[in-house]
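Colleague: Sharing upload.txt (compact mmCIF, C-alpha atoms and all ligand atoms) below.
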```
# COMPACT_ATOMS: atom_id res chain seq x y z
CA MET P 1 0.00 0.00 0.00
CA GLY P 2 1.74 3.12 1.29
CA ARG P 3 5.16 4.40 0.46
CA LYS P 4 8.11 2.37 1.56
CA ARG P 5 9.95 4.27 4.22
CA LYS P 6 13.65 4.05 4.77
CA LYS P 7 14.83 4.38 8.33
CA ILE P 8 18.26 5.31 9.56
CA SER P 9 19.37 4.00 12.94
CA CYS P 10 21.23 6.68 14.83
CA PHE P 11 21.85 4.41 17.79
CA ALA P 12 25.55 3.65 17.85
CA GLY P 13 25.48 1.42 20.93
CA ILE P 14 25.73 1.94 24.64
CA SER P 15 28.66 3.94 25.88
CA VAL P 16 31.51 1.46 25.66
CA CYS P 17 30.71 -0.26 22.37
CA ASN P 18 29.72 2.26 19.74
CA VAL P 19 29.83 0.09 16.63
CA GLY P 20 26.30 0.75 15.45
CA HIS P 21 23.55 -1.75 14.69
CA CYS P 22 24.32 -4.25 11.93
CA ASN P 23 26.96 -1.98 10.48
CA GLU P 24 28.13 -3.69 7.29
CA SER P 25 31.84 -3.16 7.83
CA VAL P 26 31.60 -4.42 11.42
CA ILE P 27 29.72 -7.55 10.29
CA LYS P 28 32.28 -8.16 7.53
CA ALA P 29 35.21 -7.80 9.92
CA ALA P 30 33.53 -10.05 12.54
CA LYS P 31 32.82 -12.76 9.94
CA LYS P 32 36.39 -12.59 8.69
CA GLN P 33 37.60 -13.02 12.25
CA MET P 34 35.25 -16.00 12.80
CA ASP P 35 36.87 -17.68 9.78
CA SER P 36 40.23 -17.34 11.47
CA PHE P 37 39.66 -18.04 15.17
CA VAL P 38 36.95 -17.08 17.65
CA HIS P 39 38.94 -16.86 20.85
CA ILE P 40 42.52 -17.06 21.99
CA SER P 41 43.84 -16.54 25.47
CA ASN P 42 45.74 -13.40 26.40
CA LEU P 43 48.78 -15.66 26.32
CA TYR P 44 48.81 -15.17 22.55
CA TYR P 45 47.78 -12.46 20.17
CA GLY P 46 46.27 -12.37 16.71
CA GLN P 47 47.09 -10.11 13.77
CA SER P 48 43.75 -8.28 14.00
CA GLN P 49 44.55 -7.35 17.62
CA VAL P 50 47.92 -5.98 16.56
CA LYS P 51 46.31 -3.97 13.74
CA LEU P 52 43.67 -2.55 16.09
CA GLY P 53 46.23 -1.71 18.77
CA GLU P 54 48.52 0.05 16.28
CA GLU P 55 45.61 2.00 14.81
CA PHE P 56 44.43 3.02 18.26
CA VAL P 57 47.87 4.25 19.30
CA LYS P 58 48.28 6.12 16.00
CA ARG P 59 44.97 7.95 16.49
CA THR P 60 45.36 8.73 20.18
CA PHE P 61 48.49 9.13 22.25
CA LYS P 62 50.97 8.33 19.44
CA LYS P 63 52.94 6.01 21.69
CA GLY P 64 52.09 3.55 24.38
CA ARG P 65 50.46 0.18 24.83
CA VAL P 66 46.92 -1.06 24.37
CA PHE P 67 45.02 -3.45 26.60
CA LEU P 68 42.13 -5.05 24.73
CA SER P 69 39.27 -6.19 26.93
CA ASN P 70 35.96 -7.92 26.48
CA SER P 71 33.72 -5.35 28.09
CA GLY P 72 33.49 -1.92 29.63
CA ALA P 73 33.58 -3.47 33.09
CA GLU P 74 36.82 -5.27 32.30
CA ALA P 75 38.32 -2.06 30.88
CA ASN P 76 37.41 -0.26 34.10
CA GLU P 77 38.83 -3.11 36.19
CA CYS P 78 42.07 -2.64 34.27
CA ALA P 79 42.01 1.12 34.94
CA ILE P 80 41.43 0.50 38.67
CA LYS P 81 44.24 -2.03 38.81
CA LEU P 82 46.63 0.29 36.96
CA ALA P 83 45.80 3.13 39.36
CA ARG P 84 46.27 0.87 42.40
CA LYS P 85 49.57 -0.42 41.05
CA TRP P 86 50.77 3.14 40.41
CA GLY P 87 49.67 4.11 43.93
CA PHE P 88 51.61 1.19 45.38
CA LEU P 89 54.76 1.95 43.40
CA ASN P 90 54.56 5.70 44.09
CA PRO P 91 53.67 5.97 47.75
CA SER P 92 53.09 9.31 49.44
CA LYS P 93 54.74 10.19 52.77
CA ILE P 94 51.98 8.31 54.56
CA GLY P 95 52.18 5.18 52.42
CA SER P 96 50.50 3.55 49.43
CA ARG P 97 47.88 5.51 47.55
CA TYR P 98 44.93 3.23 47.03
CA LYS P 99 41.83 5.40 47.17
CA VAL P 100 39.83 5.60 43.96
CA THR P 101 37.73 8.70 43.55
CA CYS P 102 34.42 8.05 41.81
CA PHE P 103 31.32 10.14 41.22
CA ASN P 104 27.82 9.96 42.59
CA ASN P 105 25.25 8.65 40.12
CA SER P 106 27.95 7.02 38.01
CA PHE P 107 27.91 3.56 36.41
CA HIS P 108 31.01 1.47 35.67
CA GLY P 109 29.99 -2.12 35.02
CA ARG P 110 28.89 -5.28 36.78
CA THR P 111 32.03 -6.83 38.25
CA LEU P 112 32.55 -6.50 42.01
CA ALA P 113 35.21 -3.79 41.75
CA THR P 114 33.27 -1.76 39.20
CA ILE P 115 30.08 -2.13 41.24
CA SER P 116 32.04 -0.80 44.22
CA ALA P 117 32.93 2.20 42.06
CA ILE P 118 29.32 2.88 41.06
CA GLY P 119 27.84 5.91 42.77
CA GLN P 120 24.33 4.47 43.01
CA LYS P 121 23.28 2.59 46.14
CA LYS P 122 20.77 0.37 44.34
CA PHE P 123 23.66 -1.47 42.65
CA HIS P 124 25.24 -2.17 46.06
CA GLU P 125 22.25 -4.00 47.53
CA TYR P 126 22.88 -7.65 48.42
CA LEU P 127 26.57 -7.48 47.43
CA LYS P 128 28.23 -6.16 50.57
CA PRO P 129 30.95 -6.08 51.64
CA LEU P 130 32.10 -4.16 48.62
CA GLN P 131 35.69 -3.40 47.65
CA GLU P 132 37.17 -0.86 50.03
CA LYS P 133 38.48 2.66 49.48
CA PHE P 134 36.21 3.82 46.71
CA VAL P 135 35.22 7.35 47.61
CA PHE P 136 32.55 9.48 45.99
CA ALA P 137 32.52 13.06 44.81
CA GLU P 138 29.79 15.21 43.28
CA ILE P 139 29.88 15.53 39.52
CA SER P 140 30.72 19.08 38.33
CA ASN P 141 32.02 19.99 41.77
CA ILE P 142 35.82 20.18 41.79
CA ASP P 143 35.92 21.06 45.49
CA SER P 144 34.20 17.78 46.34
CA VAL P 145 37.00 16.01 44.44
CA LYS P 146 39.75 18.03 46.15
CA ASN P 147 38.20 17.29 49.56
CA LEU P 148 38.69 13.59 48.96
C1 LIG Y 201 29.85 4.36 31.49
C2 LIG Y 201 29.87 2.87 31.43
N1 LIG Y 201 30.89 2.22 31.99
C3 LIG Y 201 30.94 0.87 31.98
C4 LIG Y 201 29.94 0.12 31.39
C5 LIG Y 201 30.03 -1.38 31.42
O1 LIG Y 201 30.22 -1.91 30.17
P1 LIG Y 201 29.95 -3.45 29.91
O2 LIG Y 201 28.47 -3.67 30.02
O3 LIG Y 201 30.47 -3.68 28.52
O4 LIG Y 201 30.72 -4.22 30.94
C6 LIG Y 201 28.86 0.77 30.78
C7 LIG Y 201 27.79 -0.01 30.16
O5 LIG Y 201 26.76 0.49 29.77
C8 LIG Y 201 28.82 2.17 30.82
O6 LIG Y 201 27.78 2.83 30.28
```
Take the structure in the file and write it out as structure tokens.
Modeller:
Amino acid sequence: MGRKRKKISCFAGISVCNVGHCNESVIKAAKKQMDSFVHISNLYYGQSQVKLGEEFVKRTFKKGRVFLSNSGAEANECAIKLARKWGFLNPSKIGSRYKVTCFNNSFHGRTLATISAIGQKKFHEYLKPLQEKFVFAEISNIDSVKNL
């Protein structure tokens, strides 16, 4: 009957995985990868990982290393671990720096550490005790960050 309507999806994905919905080039790349191997441990690496890592470095900080993870939560776990390691290796006069400053109303994923970093109490229900030393500041309030 009526006119055929074409629709464009403007939804790129949620936050940590903005690859669009059924994007042709993403599908093509994923299929190509499936023909090679689906999963390898972090003990090894594949050529597509190297290519992605090099491209990422080229387009961002120009030098450095890339940690590829499976999810936003895992990426945030990595960030927390890097910060804790740095705090341990660079102690202040009073010892290791291990506090992680987070923001109220934030969301960081569904692992225990990232849930501990979420600034929304509803995510903490039933899961206590949470990871220690996550402290919370108000978004858009630099003094609340400095106070922590
Ligand atoms: C800001 C933010 N951080 C972390 C995550 C967690 O990502 P994932 O579900 O891939 O673990 C999300 C997911 O929506 C997110 O929006």
Colleague: Return the single residue from P:Cys10, P:Lys99, P:Gly87, P:Asp35 that is closest to P:Asn23, with distances computed using only C-alpha atoms.
Modeller: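 Of P:Cys10, P:Lys99, P:Gly87, P:Asp35, the one nearest P:Asn23, counting only C-alpha atoms, is P:Cys10.
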Colleague: For stretch 132-134 of chain P, please output as a CSV table (one decimal) with C-alpha atoms, in the coordinates of the input all residues within 12 Å (counting all atoms listed in the file; exclusion window: fewer than 4 positions along the same chain).
Modeller:
```csv
chain,number,residue,atom,x,y,z
P,80,ILE,CA,41.4,0.5,38.7
P,84,ARG,CA,46.3,0.9,42.4
P,97,ARG,CA,47.9,5.5,47.6
P,98,TYR,CA,44.9,3.2,47.0
P,99,LYS,CA,41.8,5.4,47.2
P,100,VAL,CA,39.8,5.6,44.0
P,101,THR,CA,37.7,8.7,43.6
P,102,CYS,CA,34.4,8.0,41.8
P,103,PHE,CA,31.3,10.1,41.2
P,104,ASN,CA,27.8,10.0,42.6
P,112,LEU,CA,32.6,-6.5,42.0
P,113,ALA,CA,35.2,-3.8,41.8
P,114,THR,CA,33.3,-1.8,39.2
P,115,ILE,CA,30.1,-2.1,41.2
P,116,SER,CA,32.0,-0.8,44.2
P,117,ALA,CA,32.9,2.2,42.1
P,118,ILE,CA,29.3,2.9,41.1
P,119,GLY,CA,27.8,5.9,42.8
P,128,LYS,CA,28.2,-6.2,50.6
P,148,LEU,CA,38.7,13.6,49.0
```
Colleague: Would you mind listing, for every residue of chain P within 6 Å of ligand LIG 201 (chain Y), the two atoms forming the shortest contact and the distance between them in Å to one decimal, using all atoms listed in the file, sorted by chain and ascending residue number, as JSON lines?
Modeller:
```
{"residue": "P:Ile14", "atom": "CA", "partner": "Y:LIG201", "partner_atom": "O5", "distance": 5.4}
{"residue": "P:Ser15", "atom": "CA", "partner": "Y:LIG201", "partner_atom": "O6", "distance": 4.6}
{"residue": "P:Val16", "atom": "CA", "partner": "Y:LIG201", "partner_atom": "O1", "distance": 5.8}
{"residue": "P:Ser71", "atom": "CA", "partner": "Y:LIG201", "partner_atom": "O3", "distance": 3.7}
{"residue": "P:Gly72", "atom": "CA", "partner": "Y:LIG201", "partner_atom": "O1", "distance": 3.3}
{"residue": "P:Ala73", "atom": "CA", "partner": "Y:LIG201", "partner_atom": "O4", "distance": 3.7}
{"residue": "P:Phe107", "atom": "CA", "partner": "Y:LIG201", "partner_atom": "C1", "distance": 5.3}
{"residue": "P:His108", "atom": "CA", "partner": "Y:LIG201", "partner_atom": "C3", "distance": 3.7}
{"residue": "P:Gly109", "atom": "CA", "partner": "Y:LIG201", "partner_atom": "C5", "distance": 3.7}
```
Colleague: Select, from P:Leu68, P:Lys122, P:Lys28, P:Asn105, the residue with the minimum atom-to-atom distance to P:Tyr45, counting only C-alpha atoms.
Modeller: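 The closest residue to P:Tyr45 is P:Leu68.
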Colleague: Rounded to one decimal in Å, what is the spacing between atom CA of P:Asn70 and atom CA of P:Ser25?
Modeller: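 Spanning atom CA of P:Asn70 to atom CA of P:Ser25 is a straight-line distance of 19.7 Å.
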Colleague: Step by step, gather every atom of stretch 138-148 of chain P that the file lists, find the box along x, y and z that holds them, add 3 Å on each side, and finally give centre and edge lengths in Å to one decimal, as lines of an AutoDock Vina configuration file.
Modeller:
```
center_x = 34.8
center_y = 17.3
center_z = 43.9
size_x = 16.0
size_y = 13.5
size_z = 17.2
```
Colleague: Distance atom CA of P:His124-atom CA of P:Asn18, one decimal place?
Modeller: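 Those two atoms sit 27.1 Å apart.
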Colleague: Atom CA of P:His39 and atom CA of P:Gly53 are how many Å apart?
Modeller: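 Atom CA of P:His39 sits 16.9 Å away from atom CA of P:Gly53.
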